[in-house]
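Next comes input13.tsv, with TSV, C-alpha atoms.
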```tsv
chain	number	residue	atom	x	y	z
C	1	MET	CA	55.76	-10.40	21.24
C	2	SER	CA	59.07	-11.46	22.71
C	3	SER	CA	60.70	-14.89	22.76
C	4	SER	CA	59.22	-15.47	26.22
C	5	ASN	CA	55.78	-15.46	24.64
C	6	VAL	CA	54.30	-18.75	23.51
C	7	SER	CA	51.45	-19.02	21.03
C	8	ILE	CA	49.80	-22.40	20.61
C	9	LEU	CA	47.55	-23.26	17.68
C	10	VAL	CA	45.44	-26.37	18.40
C	11	VAL	CA	43.59	-27.91	15.46
C	12	SER	CA	43.66	-31.64	16.26
C	13	GLY	CA	40.90	-33.61	17.95
C	14	THR	CA	43.14	-36.45	19.07
C	15	THR	CA	43.95	-37.35	22.66
C	16	GLU	CA	47.69	-37.11	22.28
C	17	ARG	CA	47.82	-33.70	20.61
C	18	LEU	CA	45.24	-32.07	22.89
C	19	GLN	CA	47.10	-33.42	25.91
C	20	MET	CA	50.51	-32.21	24.72
C	21	ALA	CA	49.13	-28.79	23.79
C	22	ALA	CA	47.57	-28.46	27.25
C	23	MET	CA	50.77	-29.59	28.97
C	24	VAL	CA	52.87	-27.04	27.09
C	25	ALA	CA	50.35	-24.26	27.70
C	26	SER	CA	50.06	-24.91	31.43
C	27	VAL	CA	53.76	-25.33	32.18
C	28	ALA	CA	54.78	-22.35	30.02
C	29	ALA	CA	52.10	-20.14	31.58
C	30	VAL	CA	53.10	-20.88	35.16
C	31	SER	CA	56.79	-20.46	34.31
C	32	GLY	CA	56.54	-16.81	33.39
C	33	SER	CA	55.75	-16.96	29.67
C	34	GLN	CA	52.84	-15.04	28.24
C	35	VAL	CA	50.73	-17.78	26.66
C	36	GLN	CA	47.94	-17.55	24.12
C	37	VAL	CA	46.11	-20.56	22.71
C	38	LEU	CA	43.83	-20.63	19.67
C	39	LEU	CA	41.40	-23.58	19.55
C	40	SER	CA	40.18	-24.35	16.05
C	41	MET	CA	39.13	-27.08	13.60
C	42	ASN	CA	38.66	-30.49	15.28
C	43	ALA	CA	39.83	-29.23	18.68
C	44	LEU	CA	37.11	-26.69	19.40
C	45	GLN	CA	34.20	-29.15	19.69
C	46	PHE	CA	35.59	-30.50	22.97
C	47	PHE	CA	35.19	-27.09	24.58
C	48	LEU	CA	31.44	-26.94	24.05
C	49	LYS	CA	29.78	-27.38	27.44
C	50	SER	CA	27.15	-29.63	25.84
C	51	ASN	CA	29.72	-32.03	24.32
C	52	ALA	CA	30.52	-34.92	26.67
C	53	ALA	CA	32.47	-36.80	24.00
C	54	HIS	CA	36.14	-37.58	24.47
C	55	PRO	CA	38.84	-37.01	21.87
C	56	TRP	CA	39.96	-40.05	19.93
C	57	PRO	CA	43.43	-41.63	20.29
C	58	GLU	CA	45.60	-41.55	17.20
C	59	GLY	CA	47.92	-44.31	18.40
C	60	ASP	CA	48.79	-46.82	21.10
C	61	PHE	CA	50.02	-44.12	23.46
C	62	GLY	CA	46.66	-42.38	23.47
C	63	ARG	CA	44.90	-45.65	24.26
C	64	THR	CA	47.36	-46.42	27.06
C	65	MET	CA	47.06	-42.92	28.48
C	66	ALA	CA	43.29	-43.31	28.82
C	67	GLY	CA	43.79	-45.85	31.60
C	68	LYS	CA	46.27	-43.76	33.57
C	69	ASN	CA	45.84	-40.92	36.04
C	70	VAL	CA	46.91	-38.25	33.58
C	71	PRO	CA	45.60	-34.72	34.28
C	72	PRO	CA	42.70	-34.04	31.85
C	73	PHE	CA	43.61	-31.63	29.06
C	74	LYS	CA	40.75	-29.26	29.84
C	75	GLN	CA	41.79	-29.09	33.49
C	76	LEU	CA	45.34	-28.22	32.45
C	77	LEU	CA	44.15	-25.46	30.14
C	78	GLN	CA	41.92	-24.08	32.87
C	79	GLN	CA	44.92	-24.07	35.25
C	80	ALA	CA	46.98	-22.32	32.56
C	81	ALA	CA	44.35	-19.59	32.50
C	82	GLU	CA	43.75	-19.34	36.24
C	83	LEU	CA	47.27	-19.86	37.59
C	84	GLY	CA	49.33	-18.46	34.70
C	85	ASP	CA	47.03	-15.91	33.07
C	86	ALA	CA	47.07	-17.76	29.75
C	87	ALA	CA	44.50	-16.60	27.22
C	88	ILE	CA	42.66	-19.60	25.75
C	89	HIS	CA	40.72	-18.36	22.74
C	90	PRO	CA	38.19	-20.13	20.57
C	91	CYS	CA	38.78	-19.45	16.87
C	92	SER	CA	36.05	-17.13	15.59
C	93	MET	CA	35.88	-18.98	12.26
C	94	ALA	CA	35.49	-22.38	13.98
C	95	ILE	CA	32.71	-21.01	16.19
C	96	ASP	CA	30.85	-19.83	13.09
C	97	VAL	CA	31.29	-23.19	11.34
C	98	LEU	CA	30.00	-25.07	14.39
C	99	GLY	CA	27.08	-22.66	14.68
C	100	ALA	CA	27.93	-22.13	18.35
C	101	ARG	CA	27.68	-19.07	20.55
C	102	PRO	CA	30.54	-18.02	22.86
C	103	GLU	CA	28.37	-18.60	25.94
C	104	GLU	CA	28.05	-22.26	24.94
C	105	LEU	CA	31.78	-22.75	25.47
C	106	GLU	CA	33.66	-23.56	28.68
C	107	PRO	CA	33.65	-20.49	30.93
C	108	PHE	CA	37.44	-20.35	31.31
C	109	LEU	CA	37.83	-19.52	27.62
C	110	ALA	CA	38.72	-15.98	26.59
C	111	PRO	CA	36.68	-14.17	23.91
C	112	PRO	CA	36.80	-15.48	20.32
C	113	LEU	CA	39.86	-14.49	18.33
C	114	GLY	CA	40.50	-14.25	14.60
C	115	LEU	CA	43.56	-15.64	12.88
C	116	THR	CA	44.90	-12.24	11.85
C	117	LYS	CA	45.06	-10.99	15.45
C	118	PHE	CA	46.46	-14.32	16.66
C	119	LEU	CA	49.30	-14.18	14.11
C	120	ALA	CA	49.98	-10.53	14.87
C	121	ASP	CA	50.22	-11.27	18.58
C	122	SER	CA	52.46	-14.28	17.87
C	123	ALA	CA	55.07	-12.26	15.99
C	124	GLY	CA	58.53	-12.53	17.52
C	125	GLY	CA	57.58	-15.31	19.92
C	126	GLN	CA	57.31	-19.07	19.73
C	127	LEU	CA	54.45	-20.48	17.67
C	128	LEU	CA	53.60	-24.15	18.22
C	129	THR	CA	50.97	-26.15	16.36
C	130	PHE	CA	49.20	-29.29	17.56
J	1	MET	CA	55.46	-20.37	58.95
J	2	GLU	CA	53.22	-23.26	57.93
J	3	ARG	CA	53.98	-26.58	56.27
J	4	GLN	CA	51.54	-28.21	53.90
J	5	VAL	CA	51.74	-31.68	52.34
J	6	ILE	CA	50.40	-32.34	48.85
J	7	ASP	CA	49.88	-36.01	48.08
J	8	ALA	CA	50.19	-36.26	44.30
J	9	ARG	CA	51.18	-39.93	44.23
J	10	GLY	CA	49.83	-41.74	41.18
J	11	THR	CA	49.41	-38.56	39.16
J	12	PHE	CA	51.41	-38.10	35.99
J	13	CYS	CA	53.27	-35.01	34.74
J	14	PRO	CA	52.44	-32.13	34.99
J	15	GLY	CA	49.83	-32.96	37.66
J	16	PRO	CA	52.14	-32.77	40.72
J	17	LEU	CA	53.67	-29.50	39.48
J	18	MET	CA	50.28	-27.91	38.88
J	19	GLU	CA	49.03	-28.99	42.32
J	20	LEU	CA	52.15	-27.46	43.86
J	21	ILE	CA	51.68	-24.21	41.97
J	22	ALA	CA	48.08	-23.90	43.11
J	23	ALA	CA	49.28	-24.32	46.71
J	24	VAL	CA	52.16	-21.86	46.27
J	25	LYS	CA	49.76	-19.24	45.02
J	26	LEU	CA	47.75	-19.47	48.24
J	27	ALA	CA	50.75	-19.78	50.59
J	28	ALA	CA	52.42	-16.96	52.49
J	29	ILE	CA	56.07	-15.98	52.05
J	30	GLY	CA	58.16	-18.43	54.09
J	31	ASP	CA	55.59	-21.23	54.08
J	32	GLU	CA	56.84	-24.69	53.11
J	33	ILE	CA	55.06	-27.16	50.86
J	34	GLU	CA	56.01	-30.82	50.59
J	35	VAL	CA	54.97	-32.62	47.41
J	36	LEU	CA	54.75	-36.42	47.36
J	37	SER	CA	55.07	-37.85	43.85
J	38	THR	CA	55.65	-41.23	42.25
J	39	ASP	CA	56.41	-39.53	38.92
J	40	ALA	CA	60.19	-39.27	38.49
J	41	GLY	CA	59.77	-36.64	35.77
J	42	SER	CA	57.93	-34.39	38.18
J	43	ALA	CA	60.68	-34.84	40.77
J	44	ALA	CA	63.07	-33.33	38.24
J	45	ASP	CA	60.68	-30.74	36.85
J	46	ILE	CA	59.54	-29.26	40.17
J	47	PRO	CA	63.04	-28.09	41.27
J	48	GLU	CA	63.58	-26.70	37.77
J	49	TRP	CA	60.36	-24.68	38.01
J	50	ILE	CA	61.27	-23.51	41.52
J	51	ARG	CA	64.63	-22.21	40.33
J	52	LYS	CA	63.05	-20.49	37.35
J	53	VAL	CA	60.43	-18.58	39.31
J	54	GLY	CA	62.63	-17.81	42.31
J	55	HIS	CA	61.33	-19.92	45.19
J	56	GLN	CA	63.57	-22.26	47.23
J	57	VAL	CA	64.02	-26.03	47.10
J	58	VAL	CA	64.54	-27.10	50.72
J	59	SER	CA	65.11	-30.80	49.96
J	60	THR	CA	64.51	-33.53	47.44
J	61	THR	CA	64.55	-37.12	48.65
J	62	SER	CA	63.29	-40.49	47.45
J	63	GLU	CA	61.92	-43.19	49.71
J	64	SER	CA	60.34	-46.47	48.59
J	65	GLY	CA	59.54	-45.09	45.13
J	66	VAL	CA	58.04	-41.86	46.44
J	67	TRP	CA	59.71	-38.51	45.83
J	68	HIS	CA	59.47	-35.89	48.58
J	69	VAL	CA	60.17	-32.39	47.31
J	70	VAL	CA	60.02	-29.61	49.90
J	71	VAL	CA	59.63	-26.06	48.64
J	72	ARG	CA	59.74	-22.76	50.52
J	73	LYS	CA	57.84	-19.83	49.08
J	74	ALA	CA	59.97	-16.75	48.53
J	75	GLU	CA	59.37	-13.38	46.91
J	76	SER	CA	58.97	-14.68	43.35
J	77	ARG	CA	60.44	-12.98	40.30
J	78	THR	CA	57.60	-14.32	38.16
J	79	ARG	CA	54.10	-15.61	38.67
J	80	PRO	CA	52.57	-17.24	40.60
```
Exercise: express the given structure as structure tokens:
Amino acid sequence: MSSSNVSILVVSGTTERLQMAAMVASVAAVSGSQVQVLLSMNALQFFLKSNAAHPWPEGDFGRTMAGKNVPPFKQLLQQAAELGDAAIHPCSMAIDVLGARPEELEPFLAPPLGLTKFLADSAGGQLLTF
Amino acid sequence: MERQVIDARGTFCPGPLMELIAAVKLAAIGDEIEVLSTDAGSAADIPEWIRKVGHQVVSTTSESGVWHVVVRKAESRTRP
């Protein structure tokens, strides 16, 4: 990967980190960067179609943001995929731990991805973790 | 040439930019899109994105707390 490629590892289930990850992914993707996102750990549960729960705020900003007209993080990630060709992958390990099947996840997600391939594809580019 | 207005007032960053990009993708070369935004960050970010991807900023004005950014679609160097 080149420096114009952005890889984003999302492991948090908090409002602030999911929002920031989605903002970076969407803006980078529509600005010409090749973007890949790996959703794992506490983040992946919010991409199950059956899960209507919201992420939890980790601080005052997250609580304040909830009352504002901020674009939802899932909408931003979907726009990253549809407008900027970003690849939003569920982590294959996290899927196994949750006992979920890929078809139970949001339809804009790309196929599951393992950590080895994600790291290989990230080489030489920017790797951000939320 | 057509002109489209996107009313993104009250939406925070990067909402206005993403709404603009969705409209740019559907527009024809030469079409103009005017974005209305109350988010000052977006008023700065939208011209930056336009320069990066190769479209044209026709004008940027502020009136009663509302930013009006007019963009003309050109042959873009990058997506969309």
Quick one: which residues from chain C are at most 7 Å off chain J, using only C-alpha atoms, as a PDB file with C-alpha atoms, keeping the file's coordinate frame?
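part_18.pdb, freshly written:
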```pdb
ATOM      1  CA  MET C  23      50.770 -29.590  28.970  1.00  0.00           C
ATOM      2  CA  VAL C  30      53.100 -20.880  35.160  1.00  0.00           C
ATOM      3  CA  SER C  31      56.790 -20.460  34.310  1.00  0.00           C
ATOM      4  CA  GLY C  32      56.540 -16.810  33.390  1.00  0.00           C
ATOM      5  CA  ASN C  69      45.840 -40.920  36.040  1.00  0.00           C
ATOM      6  CA  VAL C  70      46.910 -38.250  33.580  1.00  0.00           C
ATOM      7  CA  PRO C  71      45.600 -34.720  34.280  1.00  0.00           C
ATOM      8  CA  LEU C  83      47.270 -19.860  37.590  1.00  0.00           C
ATOM      9  CA  GLY C  84      49.330 -18.460  34.700  1.00  0.00           C
TER      10      GLY C  84
END
```
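Computed from the coordinates, the atom CA of J:Ile33 to atom CA of J:Leu20 distance equals 7.6 Å.
What separates atom CA of C:Leu48 from atom CA of C:Thr129 is a distance of 21.0 Å.
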Calculate how many Å separate atom CA of C:His54 from atom CA of C:Gln75, rounding to one decimal. 13.6 Å
Contact residues around C:Val37 with only C-alpha atoms at 6 Å, ignoring same-chain residues under 6 positions, as a ChimeraX atom specification: /C:7-9,88-89
So which one's closest to J:Ser64, J:Leu36, J:Ala44, J:Ala28, J:Ile6? Using all atoms listed in the file, please. J:Leu36
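Counting only C-alpha atoms, stretch 57-60 of chain J has the following residues at most 9 Å away, ignoring those fewer than 2 positions along the same chain: Glu32, Ala43, Ile46, Pro47, Ile50, Arg51, His55, Ser62, Trp67, His68, Val69, Val70, Val71, Arg72 and Lys73 of chain J.
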Residue neighbourhood C:Phe108, 12 Å, all atoms listed in the file, exclusion window fewer than 6 positions, as a list in words: Phe47, Leu48, Lys49, Lys74, Gln75, Leu76, Leu77, Gln78, Gln79, Ala80, Ala81, Glu82, Leu83, Asp85, Ala86, Ala87, Ile88, His89, Pro90 and Pro102 of chain C
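Using only C-alpha atoms, the shortest contact distance between J:Glu75 and any of J:Ser42, J:Gln56, J:Gln4, J:Ser37 is found at J:Gln56.
By chain and then residue number, the residues within 8 Å of C:Gln19 are C:Thr15, C:Met23, C:Pro72, C:Phe73, counting only C-alpha atoms and disregarding those fewer than 4 positions away in sequence.
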Which of J:Asp31, J:Val24, J:Thr38, J:Gly65 sits closest to J:Asp7 [using only C-alpha atoms]: J:Thr38
For C:Phe46, work out the shell of residues within 10 Å, counting only C-alpha atoms and skipping chain neighbours fewer than 2 positions away, then give it as a PyMOL selection string. chain C and resi 13+18+39+42-44+48-55+74+105-106
Since we have the selection now, will you write its residues out, keeping C-alpha atoms, as an mmCIF file, in the frame of the given file?
```cif
data_model
loop_
_atom_site.group_PDB
_atom_site.id
_atom_site.type_symbol
_atom_site.label_atom_id
_atom_site.label_comp_id
_atom_site.auth_asym_id
_atom_site.auth_seq_id
_atom_site.Cartn_x
_atom_site.Cartn_y
_atom_site.Cartn_z
ATOM 1 C CA GLY C 13 40.900 -33.610 17.950
ATOM 2 C CA LEU C 18 45.240 -32.070 22.890
ATOM 3 C CA LEU C 39 41.400 -23.580 19.550
ATOM 4 C CA ASN C 42 38.660 -30.490 15.280
ATOM 5 C CA ALA C 43 39.830 -29.230 18.680
ATOM 6 C CA LEU C 44 37.110 -26.690 19.400
ATOM 7 C CA LEU C 48 31.440 -26.940 24.050
ATOM 8 C CA LYS C 49 29.780 -27.380 27.440
ATOM 9 C CA SER C 50 27.150 -29.630 25.840
ATOM 10 C CA ASN C 51 29.720 -32.030 24.320
ATOM 11 C CA ALA C 52 30.520 -34.920 26.670
ATOM 12 C CA ALA C 53 32.470 -36.800 24.000
ATOM 13 C CA HIS C 54 36.140 -37.580 24.470
ATOM 14 C CA PRO C 55 38.840 -37.010 21.870
ATOM 15 C CA LYS C 74 40.750 -29.260 29.840
ATOM 16 C CA LEU C 105 31.780 -22.750 25.470
ATOM 17 C CA GLU C 106 33.660 -23.560 28.680
#
```
